[in-house]
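So this block is query33.tsv, TSV, C-alpha atoms:
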chain	number	residue	atom	x	y	z
A	1	MET	CA	0.66	-2.51	10.93
A	2	ILE	CA	2.49	0.58	12.04
A	3	TYR	CA	4.78	2.04	9.38
A	4	SER	CA	7.61	4.53	9.76
A	5	LEU	CA	9.19	6.05	6.67
A	6	LEU	CA	12.63	7.57	6.23
A	7	VAL	CA	13.06	9.91	3.26
A	8	LEU	CA	16.59	10.81	2.15
A	9	SER	CA	15.63	11.89	-1.37
A	10	SER	CA	15.26	15.50	-2.45
A	11	PRO	CA	12.17	16.39	-4.50
A	12	ALA	CA	14.51	18.26	-6.86
A	13	SER	CA	16.24	15.13	-8.16
A	14	GLY	CA	14.45	12.04	-9.31
A	15	GLN	CA	10.98	10.81	-8.43
A	16	CYS	CA	11.85	8.87	-5.27
A	17	ALA	CA	10.53	11.46	-2.81
A	18	MET	CA	7.16	11.43	-4.54
A	19	THR	CA	7.24	7.63	-4.57
A	20	ALA	CA	7.59	7.84	-0.79
A	21	ALA	CA	4.53	10.10	-0.52
A	22	ARG	CA	2.53	7.75	-2.76
A	23	PHE	CA	3.71	4.78	-0.70
A	24	ALA	CA	2.44	6.45	2.48
A	25	ARG	CA	-0.96	7.12	0.92
A	26	ALA	CA	-1.19	3.54	-0.41
A	27	ALA	CA	-0.24	2.12	3.01
A	28	LEU	CA	-2.99	4.19	4.65
A	29	ALA	CA	-5.46	3.00	2.01
A	30	ARG	CA	-4.56	-0.59	2.87
A	31	GLY	CA	-5.49	0.03	6.49
A	32	HIS	CA	-2.05	0.58	7.96
A	33	THR	CA	-0.96	3.35	10.28
A	34	VAL	CA	1.74	5.69	9.05
A	35	GLY	CA	2.77	7.34	12.27
A	36	ARG	CA	5.81	9.29	11.29
A	37	ILE	CA	7.80	10.22	8.23
A	38	PHE	CA	11.31	11.35	9.04
A	39	PHE	CA	13.27	13.44	6.54
A	40	LEU	CA	17.06	13.34	6.71
A	41	ASP	CA	19.95	14.74	4.67
A	42	ALA	CA	18.73	16.10	1.28
A	43	GLY	CA	15.28	14.74	2.16
A	44	VAL	CA	14.65	17.76	4.39
A	45	THR	CA	14.13	19.92	1.29
A	46	ASN	CA	10.74	18.23	0.87
A	47	GLY	CA	9.59	20.66	3.55
A	48	ALA	CA	10.49	23.78	1.56
A	49	ALA	CA	7.55	26.19	1.69
A	50	ALA	CA	8.50	28.37	-1.24
A	51	THR	CA	9.47	25.97	-4.03
A	52	VAL	CA	8.08	27.00	-7.42
A	53	LEU	CA	7.89	24.42	-10.21
A	54	PRO	CA	7.32	24.88	-13.96
A	55	GLN	CA	3.63	24.81	-14.90
A	56	ASP	CA	3.83	21.42	-16.59
A	57	GLU	CA	5.05	19.67	-13.42
A	58	THR	CA	2.87	18.57	-10.52
A	59	ASP	CA	3.28	20.13	-7.12
A	60	ARG	CA	5.63	18.20	-4.82
A	61	LEU	CA	4.65	19.79	-1.53
A	62	GLN	CA	0.91	19.15	-1.55
A	63	PRO	CA	1.12	15.34	-1.21
A	64	TRP	CA	3.02	15.78	2.08
A	65	VAL	CA	0.71	18.50	3.36
A	66	GLU	CA	-2.27	16.24	2.70
A	67	LEU	CA	-0.69	13.36	4.60
A	68	ALA	CA	-0.20	15.63	7.60
A	69	GLU	CA	-3.48	17.51	7.51
A	70	ARG	CA	-5.86	14.81	6.36
A	71	HIS	CA	-4.26	11.71	7.86
A	72	GLY	CA	-2.44	13.06	10.88
A	73	VAL	CA	0.95	11.78	9.72
A	74	GLU	CA	3.84	13.40	11.60
A	75	LEU	CA	6.32	14.97	9.18
A	76	ILE	CA	9.64	15.54	10.90
A	77	LEU	CA	12.71	17.16	9.43
A	78	CYS	CA	16.05	16.30	11.04
A	79	ILE	CA	17.12	19.55	12.65
A	80	ALA	CA	20.84	19.18	11.89
A	81	SER	CA	20.16	18.46	8.19
A	82	ALA	CA	17.51	21.20	8.06
A	83	LEU	CA	19.88	23.89	9.31
A	84	ARG	CA	22.54	22.71	6.86
A	85	TYR	CA	20.09	23.12	3.97
A	86	GLY	CA	18.75	26.47	5.18
A	87	MET	CA	15.42	24.97	6.19
A	88	LEU	CA	14.21	26.97	9.17
A	89	ASP	CA	10.92	27.18	11.03
A	90	GLU	CA	9.87	30.42	12.78
A	91	THR	CA	11.72	29.53	15.97
A	92	GLU	CA	14.99	28.62	14.29
A	93	ALA	CA	14.83	31.61	11.94
A	94	GLY	CA	14.55	33.83	15.03
A	95	ARG	CA	17.28	32.01	16.92
A	96	TYR	CA	19.80	32.31	14.09
A	97	GLU	CA	18.63	35.77	13.02
A	98	LYS	CA	17.69	34.71	9.50
A	99	PRO	CA	15.23	36.83	7.50
A	100	ALA	CA	12.42	34.27	7.12
A	101	ALA	CA	11.11	30.83	7.95
A	102	THR	CA	11.53	28.51	4.96
A	103	ILE	CA	9.65	25.41	6.13
A	104	HIS	CA	6.00	24.71	5.44
A	105	PRO	CA	4.05	24.58	8.75
A	106	ALA	CA	2.88	21.00	8.07
A	107	PHE	CA	6.45	19.94	8.94
A	108	THR	CA	8.21	20.14	12.27
A	109	VAL	CA	11.93	20.05	13.02
A	110	SER	CA	13.34	17.72	15.62
A	111	GLY	CA	16.34	15.58	16.51
A	112	LEU	CA	17.49	12.17	15.36
A	113	GLY	CA	15.97	10.65	18.47
A	114	GLN	CA	12.64	10.91	16.65
A	115	LEU	CA	14.02	8.70	13.87
A	116	VAL	CA	15.39	6.17	16.33
A	117	ASP	CA	12.05	6.14	18.13
A	118	ALA	CA	10.12	5.77	14.87
A	119	ALA	CA	12.41	2.99	13.68
A	120	THR	CA	12.33	0.96	16.87
A	121	SER	CA	8.62	1.31	17.59
A	122	ALA	CA	7.24	0.54	14.11
A	123	ASP	CA	6.40	-2.84	12.60
A	124	ARG	CA	7.82	-1.72	9.29
A	125	LEU	CA	10.55	0.77	8.44
A	126	VAL	CA	10.85	1.75	4.79
A	127	THR	CA	13.66	3.98	3.51
A	128	PHE	CA	13.56	6.04	0.32
A	129	GLY	CA	16.95	7.21	-0.91
A	130	GLY	CA	18.62	8.47	-4.07
B	1	MET	CA	13.91	-12.67	3.78
B	2	THR	CA	14.54	-9.07	2.84
B	3	LEU	CA	12.86	-6.61	0.51
B	4	HIS	CA	15.63	-4.78	-1.33
B	5	THR	CA	14.82	-1.60	-3.22
B	6	LEU	CA	17.32	-0.31	-5.77
B	7	ASN	CA	17.19	3.28	-7.01
B	8	ALA	CA	20.42	3.52	-9.01
B	9	SER	CA	21.45	2.53	-12.52
B	10	PRO	CA	23.18	-0.80	-13.26
B	11	ALA	CA	26.46	1.11	-13.76
B	12	SER	CA	26.49	2.25	-10.12
B	13	ALA	CA	28.33	0.93	-7.09
B	14	ALA	CA	24.92	0.60	-5.43
B	15	PHE	CA	23.91	-1.96	-8.06
B	16	ALA	CA	27.05	-4.05	-7.50
B	17	ASP	CA	26.75	-3.84	-3.71
B	18	CYS	CA	23.06	-4.76	-3.83
B	19	LEU	CA	23.73	-7.68	-6.17
B	20	ALA	CA	26.36	-9.04	-3.78
B	21	MET	CA	23.86	-8.99	-0.92
B	22	LEU	CA	20.86	-10.57	-2.71
B	23	ALA	CA	19.95	-14.08	-1.67
B	24	ALA	CA	17.39	-16.61	-2.86
B	25	GLY	CA	14.18	-15.89	-0.95
B	26	ASP	CA	14.75	-12.12	-1.15
B	27	VAL	CA	12.86	-9.84	-3.47
B	28	LEU	CA	14.38	-6.92	-5.37
B	29	LEU	CA	12.16	-4.00	-6.32
B	30	LEU	CA	13.66	-1.68	-8.93
B	31	LEU	CA	12.59	1.95	-8.86
B	32	GLY	CA	13.81	5.25	-10.28
B	33	ASP	CA	16.98	4.68	-12.32
B	34	GLY	CA	17.07	1.15	-10.93
B	35	VAL	CA	14.45	0.03	-13.45
B	36	TYR	CA	17.05	-0.09	-16.24
B	37	ALA	CA	18.55	-3.17	-14.61
B	38	ALA	CA	15.47	-5.11	-15.74
B	39	LEU	CA	16.15	-4.52	-19.46
B	40	ALA	CA	15.99	-7.94	-21.10
B	41	GLY	CA	19.16	-9.22	-22.70
B	42	THR	CA	21.53	-6.97	-20.74
B	43	GLY	CA	24.38	-8.11	-18.54
B	44	ALA	CA	22.77	-6.52	-15.48
B	45	ARG	CA	19.54	-8.43	-16.06
B	46	ALA	CA	21.44	-11.70	-16.50
B	47	GLN	CA	23.18	-11.11	-13.15
B	48	LEU	CA	19.86	-10.43	-11.43
B	49	ASP	CA	18.25	-13.52	-12.95
B	50	ALA	CA	21.19	-15.63	-11.79
B	51	CYS	CA	21.06	-14.50	-8.13
B	52	GLY	CA	17.82	-16.32	-7.37
B	53	ALA	CA	15.93	-13.34	-5.93
B	54	ARG	CA	12.45	-12.43	-7.19
B	55	LEU	CA	12.57	-9.40	-9.50
B	56	CYS	CA	9.95	-6.64	-9.50
B	57	LEU	CA	9.89	-3.11	-10.86
B	58	LEU	CA	7.70	-0.11	-10.22
B	59	ARG	CA	5.27	0.52	-13.08
B	60	GLU	CA	5.31	4.34	-13.01
B	61	ASP	CA	9.09	4.53	-13.15
B	62	ALA	CA	9.35	1.85	-15.85
B	63	ALA	CA	6.68	3.62	-17.92
B	64	ALA	CA	8.51	6.95	-17.60
B	65	ALA	CA	11.71	5.24	-18.72
B	66	GLY	CA	9.96	3.76	-21.75
B	67	ILE	CA	11.00	0.20	-20.99
B	68	LEU	CA	7.71	-1.55	-20.13
B	69	ALA	CA	7.84	-3.60	-23.34
B	70	ARG	CA	11.46	-4.65	-22.72
B	71	VAL	CA	11.38	-6.27	-19.29
B	72	ALA	CA	9.81	-9.66	-20.05
B	73	GLY	CA	9.99	-12.04	-17.11
B	74	ALA	CA	10.15	-9.34	-14.42
B	75	GLU	CA	7.06	-8.52	-12.36
B	76	VAL	CA	5.69	-5.03	-12.96
B	77	ILE	CA	3.91	-3.75	-9.85
B	78	ASP	CA	2.23	-0.50	-8.83
B	79	ILE	CA	2.62	1.40	-5.55
B	80	ASP	CA	-0.04	-0.77	-3.92
B	81	GLY	CA	2.06	-3.81	-4.83
B	82	PHE	CA	5.08	-2.12	-3.20
B	83	VAL	CA	3.12	-1.81	0.06
B	84	ALA	CA	2.01	-5.42	-0.28
B	85	LEU	CA	5.65	-6.51	-0.59
B	86	SER	CA	6.53	-4.57	2.54
B	87	GLU	CA	3.75	-6.42	4.36
B	88	GLN	CA	5.18	-9.80	3.35
B	89	PHE	CA	8.83	-9.00	4.02
B	90	PRO	CA	9.63	-7.97	7.58
B	91	ARG	CA	12.62	-5.81	6.64
B	92	GLN	CA	13.58	-3.54	3.79
B	93	LEU	CA	16.98	-2.35	2.65
B	94	ALA	CA	17.25	0.66	0.35
B	95	TRP	CA	20.12	0.82	-2.16
B	96	TYR	CA	20.69	4.13	-3.92
C	1	MET	CA	4.34	-5.48	20.70
C	2	ALA	CA	6.37	-3.42	18.31
C	3	ASP	CA	8.76	-2.46	21.10
C	4	GLY	CA	12.51	-2.81	21.18
C	5	LYS	CA	13.11	-3.61	17.51
C	6	ARG	CA	16.73	-4.37	16.80
C	7	LEU	CA	18.36	-1.99	14.35
C	8	LEU	CA	21.20	-2.73	11.96
C	9	LEU	CA	22.85	0.29	10.42
C	10	LEU	CA	24.66	-0.32	7.12
C	11	ILE	CA	27.27	2.33	6.42
C	12	ARG	CA	28.04	2.36	2.70
C	13	HIS	CA	29.34	5.83	1.90
C	14	SER	CA	32.89	7.16	1.99
C	15	PRO	CA	33.62	9.69	4.75
C	16	TYR	CA	33.94	12.91	2.75
C	17	GLY	CA	32.10	12.17	-0.52
C	18	SER	CA	28.62	12.90	0.80
C	19	SER	CA	26.82	14.11	3.87
C	20	LEU	CA	25.25	10.66	4.28
C	21	ALA	CA	28.33	9.24	5.98
C	22	ARG	CA	28.08	11.84	8.67
C	23	ALA	CA	24.33	11.35	9.01
C	24	SER	CA	24.80	7.61	9.48
C	25	LEU	CA	27.18	8.05	12.40
C	26	ASP	CA	24.86	10.64	13.94
C	27	VAL	CA	22.04	8.09	13.78
C	28	ALA	CA	24.27	5.53	15.49
C	29	LEU	CA	25.06	7.95	18.31
C	30	ALA	CA	21.40	8.95	18.65
C	31	ALA	CA	20.35	5.31	18.97
C	32	ALA	CA	23.00	4.80	21.65
C	33	ALA	CA	21.89	7.94	23.47
C	34	PHE	CA	18.30	6.64	23.52
C	35	ASP	CA	19.45	3.25	24.73
C	36	ARG	CA	18.20	1.32	21.72
C	37	PRO	CA	20.00	-1.83	20.61
C	38	LEU	CA	21.99	-1.14	17.48
C	39	SER	CA	24.64	-2.87	15.41
C	40	LEU	CA	26.84	-1.26	12.76
C	41	LEU	CA	28.05	-2.82	9.52
C	42	PHE	CA	30.61	-1.05	7.35
C	43	THR	CA	30.22	-2.23	3.78
C	44	GLY	CA	30.88	-0.99	0.23
C	45	ASP	CA	32.71	2.35	0.25
C	46	GLY	CA	31.66	2.72	3.89
C	47	VAL	CA	34.74	0.69	4.88
C	48	LEU	CA	36.83	3.74	3.90
C	49	GLN	CA	35.64	5.35	7.11
C	50	LEU	CA	37.86	2.85	8.88
C	51	LEU	CA	41.10	4.21	7.43
C	52	PRO	CA	43.43	5.39	10.19
C	53	GLU	CA	45.19	8.78	10.15
C	54	GLN	CA	42.33	10.75	8.62
C	55	ASP	CA	43.02	14.47	8.87
C	56	SER	CA	40.10	16.62	7.73
C	57	GLU	CA	41.25	19.83	9.36
C	58	ALA	CA	42.06	21.60	6.07
C	59	LEU	CA	38.57	20.72	4.78
C	60	GLY	CA	36.96	22.27	7.83
C	61	VAL	CA	34.67	19.29	8.34
C	62	ARG	CA	34.29	16.78	11.10
C	63	ASN	CA	36.66	13.81	11.15
C	64	PRO	CA	34.59	10.61	11.30
C	65	GLY	CA	37.64	8.60	12.29
C	66	ARG	CA	37.74	10.48	15.58
C	67	LEU	CA	34.04	9.89	16.08
C	68	LEU	CA	34.45	6.18	15.38
C	69	ALA	CA	37.14	5.92	17.99
C	70	SER	CA	34.59	7.09	20.54
C	71	LEU	CA	32.00	4.41	19.67
C	72	PRO	CA	33.06	1.99	22.42
C	73	LEU	CA	32.18	4.73	24.92
C	74	TYR	CA	28.60	4.50	23.71
C	75	ASP	CA	26.55	1.39	23.99
C	76	ILE	CA	26.86	0.27	20.37
C	77	GLU	CA	26.27	-3.47	20.52
C	78	GLN	CA	28.71	-4.58	17.90
C	79	VAL	CA	30.66	-3.16	15.00
C	80	TYR	CA	31.08	-5.34	11.92
C	81	VAL	CA	32.90	-4.88	8.63
C	82	ASP	CA	32.33	-6.54	5.26
C	83	ALA	CA	35.55	-8.54	4.77
C	84	ALA	CA	35.32	-8.46	0.96
C	85	ALA	CA	34.84	-4.68	0.89
C	86	ALA	CA	37.77	-4.19	3.27
C	87	ALA	CA	39.95	-6.46	1.11
C	88	ARG	CA	39.04	-4.51	-2.04
C	89	TYR	CA	40.78	-1.47	-0.52
C	90	ARG	CA	43.51	-3.51	1.22
C	91	LEU	CA	42.45	-2.13	4.59
C	92	ASP	CA	44.43	-3.09	7.66
C	93	LEU	CA	41.59	-3.60	10.12
C	94	ASP	CA	43.99	-3.83	13.05
C	95	ALA	CA	44.81	-0.16	12.48
C	96	ALA	CA	41.15	0.93	12.18
C	97	PRO	CA	39.93	3.60	14.63
C	98	VAL	CA	37.38	1.18	16.05
C	99	ALA	CA	37.56	-2.59	16.49
C	100	ALA	CA	35.33	-4.22	13.87
C	101	LEU	CA	34.58	-7.90	13.39
C	102	ALA	CA	35.14	-8.98	9.76
C	103	LEU	CA	32.29	-10.98	8.23
C	104	GLY	CA	31.99	-13.00	5.01
C	105	ARG	CA	29.00	-12.88	2.68
C	106	GLU	CA	26.99	-15.61	4.38
C	107	GLU	CA	27.69	-14.19	7.84
C	108	ILE	CA	26.44	-10.80	6.66
C	109	ARG	CA	23.20	-12.35	5.40
C	110	ALA	CA	22.75	-14.07	8.76
C	111	LEU	CA	23.45	-10.75	10.52
C	112	ILE	CA	20.73	-9.05	8.45
C	113	ASP	CA	18.29	-11.83	9.33
C	114	ARG	CA	18.98	-11.36	13.04
C	115	HIS	CA	17.79	-7.73	12.97
C	116	ASP	CA	14.27	-6.34	12.74
C	117	HIS	CA	14.95	-3.14	10.85
C	118	LEU	CA	17.70	-2.04	8.48
C	119	LEU	CA	18.94	1.48	7.89
C	120	GLY	CA	21.18	1.79	4.84
C	121	PHE	CA	23.21	4.95	4.46

Using structure tokens, write down the structure that the file contains.
Amino acid sequence: MIYSLLVLSSPASGQCAMTAARFARAALARGHTVGRIFFLDAGVTNGAAATVLPQDETDRLQPWVELAERHGVELILCIASALRYGMLDETEAGRYEKPAATIHPAFTVSGLGQLVDAATSADRLVTFGG
Amino acid sequence: MTLHTLNASPASAAFADCLAMLAAGDVLLLLGDGVYAALAGTGARAQLDACGARLCLLREDAAAAGILARVAGAEVIDIDGFVALSEQFPRQLAWY
Amino acid sequence: MADGKRLLLLIRHSPYGSSLARASLDVALAAAAFDRPLSLLFTGDGVLQLLPEQDSEALGVRNPGRLLASLPLYDIEQVYVDAAAAARYRLDLDAAPVAALALGREEIRALIDRHDHLLGF
């Protein structure tokens, strides 16, 4: 089956965002297609390139990067939420004259149409919030 | 038939709203702070048992919470089991 | 085969308490803009979005009431409201910024069953 995921959870609070990443990997392992993961609201902070965690905590960016690079999963940050949270790619950083891009290159920014498309074209839509 | 996921403690509005929407034939998967609703002998657990929906909770979150020995009667599943539930149930609704 | 799934958006957050309320309406408008069938259900604290006379100017944030009033201009299939949630706050639905059909518990469950995918905000 084709799965689309919607992630509203920030990696900074609770474990739900990492549950979403594990869910995606488990779905792939069961033979499903995970075409697109859309990040909205606080969920966009999963794409932060420069987060630094204490040494006794596991990295929360790498699971996403692996999904994109190894499994071809599209990771899309809602552009309106991303700007609100200061999450900018090179293009947006230039456009708004901000000092640096803050998004890891495994993620792309795009509009809500991508969520609507992902939701209406998938067999399964699973949301992770809170 | 809906797969409900609850990621909020039993004291939350999300818990009450989710409870009101659960129907027999649905399944409720507790994750994050939602796992505390499975604690045996609590009012929240009694309400969940009474609603007729199947009750599951995510092992990693329950283990972190230290409640695995206190949720008798609820199904403890891993992430693979979560995917399996999503295969069986055509739609999911996230409460948080 | 997976084409044209019917979406039901459940709006559960109060208008100014979180950014989710705003995101949910943006999703509704995006679905309409892309011509995808979509229904809206206001439930829980989401019914508070239906209060008339919202004035958010002093907060400097967008007024969802005004946005809701524009929904009929888009192709939103139907707008529903959880009757029990509306009653909890003694809402006068006739004064709401958008016409919403009040549903009881069983009707809401039937509504959920009629849709392919659910988005809960």

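Using all atoms listed in the file, the part of chain C that sits within 9 Å of chain B is made up of Arg12, Thr43, Gly44, Asp45, Arg105, Ile108, Arg109, Ile112, Asp113, His115, Asp116, His117, Leu118, Leu119, Gly120 and Phe121 of chain C.
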
Next item on the list: Between CA of Ala48 (chain A) and CA of Ser4 (chain A), measure the distance and give it in Å to one decimal.
Entry: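 The value is 21.1 Å.
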
Within 12 Å of Asp26 (chain C), counting all atoms listed in the file, which residues show up once you throw out same-chain ones fewer than 2 positions away? Write them as a JSON list (two decimals) with C-alpha atoms, keeping the file's coordinate frame, please.
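And here's part-v3.json as it stands now:
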[["chain", "number", "residue", "atom", "x", "y", "z"],
["A", 40, "LEU", "CA", 17.06, 13.34, 6.71],
["A", 41, "ASP", "CA", 19.95, 14.74, 4.67],
["A", 78, "CYS", "CA", 16.05, 16.30, 11.04],
["A", 79, "ILE", "CA", 17.12, 19.55, 12.65],
["A", 80, "ALA", "CA", 20.84, 19.18, 11.89],
["A", 81, "SER", "CA", 20.16, 18.46, 8.19],
["A", 111, "GLY", "CA", 16.34, 15.58, 16.51],
["A", 112, "LEU", "CA", 17.49, 12.17, 15.36],
["A", 113, "GLY", "CA", 15.97, 10.65, 18.47],
["A", 115, "LEU", "CA", 14.02, 8.70, 13.87],
["A", 116, "VAL", "CA", 15.39, 6.17, 16.33],
["C", 9, "LEU", "CA", 22.85, 0.29, 10.42],
["C", 11, "ILE", "CA", 27.27, 2.33, 6.42],
["C", 19, "SER", "CA", 26.82, 14.11, 3.87],
["C", 20, "LEU", "CA", 25.25, 10.66, 4.28],
["C", 21, "ALA", "CA", 28.33, 9.24, 5.98],
["C", 22, "ARG", "CA", 28.08, 11.84, 8.67],
["C", 23, "ALA", "CA", 24.33, 11.35, 9.01],
["C", 24, "SER", "CA", 24.80, 7.61, 9.48],
["C", 28, "ALA", "CA", 24.27, 5.53, 15.49],
["C", 29, "LEU", "CA", 25.06, 7.95, 18.31],
["C", 30, "ALA", "CA", 21.40, 8.95, 18.65],
["C", 31, "ALA", "CA", 20.35, 5.31, 18.97],
["C", 32, "ALA", "CA", 23.00, 4.80, 21.65],
["C", 33, "ALA", "CA", 21.89, 7.94, 23.47],
["C", 62, "ARG", "CA", 34.29, 16.78, 11.10],
["C", 64, "PRO", "CA", 34.59, 10.61, 11.30],
["C", 67, "LEU", "CA", 34.04, 9.89, 16.08],
["C", 68, "LEU", "CA", 34.45, 6.18, 15.38],
["C", 71, "LEU", "CA", 32.00, 4.41, 19.67],
["C", 121, "PHE", "CA", 23.21, 4.95, 4.46]]

Give me the residues of chain A that have any atom at most 9 Å from an atom of chain B; for each, the nearest atom pair and the distance in Å, rounded to one decimal. Use all atoms listed in the file, sort by chain and number, and format it as CSV.
residue,atom,partner,partner_atom,distance
A:Met1,CA,B:Glu87,CA,8.2
A:Gly14,CA,B:Gly32,CA,6.9
A:Gln15,CA,B:Gly32,CA,6.5
A:Cys16,CA,B:Gly32,CA,6.5
A:Thr19,CA,B:Ile79,CA,7.8
A:Arg22,CA,B:Ile79,CA,6.9
A:Phe23,CA,B:Ile79,CA,6.0
A:Ala24,CA,B:Val83,CA,8.6
A:Ala26,CA,B:Asp80,CA,5.7
A:Ala27,CA,B:Val83,CA,6.0
A:Ala29,CA,B:Asp80,CA,8.9
A:Arg30,CA,B:Asp80,CA,8.2
A:Asp123,CA,B:Pro90,CA,7.9
A:Arg124,CA,B:Pro90,CA,6.7
A:Leu125,CA,B:Gln92,CA,7.0
A:Val126,CA,B:Gln92,CA,6.0
A:Thr127,CA,B:Ala94,CA,5.8
A:Phe128,CA,B:Ala94,CA,6.5
A:Gly129,CA,B:Tyr96,CA,5.7
A:Gly130,CA,B:Tyr96,CA,4.8

Dump as a PDB file, in the coordinates of the input, selection limited to C-alpha atoms:
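out-v1.pdb, freshly written:
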ATOM      1  CA  MET A   1       0.660  -2.510  10.930  1.00  0.00           C
ATOM      2  CA  GLY A  14      14.450  12.040  -9.310  1.00  0.00           C
ATOM      3  CA  GLN A  15      10.980  10.810  -8.430  1.00  0.00           C
ATOM      4  CA  CYS A  16      11.850   8.870  -5.270  1.00  0.00           C
ATOM      5  CA  THR A  19       7.240   7.630  -4.570  1.00  0.00           C
ATOM      6  CA  ARG A  22       2.530   7.750  -2.760  1.00  0.00           C
ATOM      7  CA  PHE A  23       3.710   4.780  -0.700  1.00  0.00           C
ATOM      8  CA  ALA A  24       2.440   6.450   2.480  1.00  0.00           C
ATOM      9  CA  ALA A  26      -1.190   3.540  -0.410  1.00  0.00           C
ATOM     10  CA  ALA A  27      -0.240   2.120   3.010  1.00  0.00           C
ATOM     11  CA  ALA A  29      -5.460   3.000   2.010  1.00  0.00           C
ATOM     12  CA  ARG A  30      -4.560  -0.590   2.870  1.00  0.00           C
ATOM     13  CA  ASP A 123       6.400  -2.840  12.600  1.00  0.00           C
ATOM     14  CA  ARG A 124       7.820  -1.720   9.290  1.00  0.00           C
ATOM     15  CA  LEU A 125      10.550   0.770   8.440  1.00  0.00           C
ATOM     16  CA  VAL A 126      10.850   1.750   4.790  1.00  0.00           C
ATOM     17  CA  THR A 127      13.660   3.980   3.510  1.00  0.00           C
ATOM     18  CA  PHE A 128      13.560   6.040   0.320  1.00  0.00           C
ATOM     19  CA  GLY A 129      16.950   7.210  -0.910  1.00  0.00           C
ATOM     20  CA  GLY A 130      18.620   8.470  -4.070  1.00  0.00           C
TER      21      GLY A 130
END

Item checked: Contact residues around Leu55 (chain B) with all atoms listed in the file at 8 Å, ignoring same-chain residues under 3 positions, as a VMD selection string -> chain B and resid 27 to 30 48 to 49 74 to 75

Next item on the list: Mind giving me the straight-line distance from CA of Pro54 (chain A) to CA of Ala64 (chain B) in Å, one decimal?
Entry: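 Atom-to-atom, CA of Pro54 (chain A) and CA of Ala64 (chain B) are spaced 18.3 Å apart.
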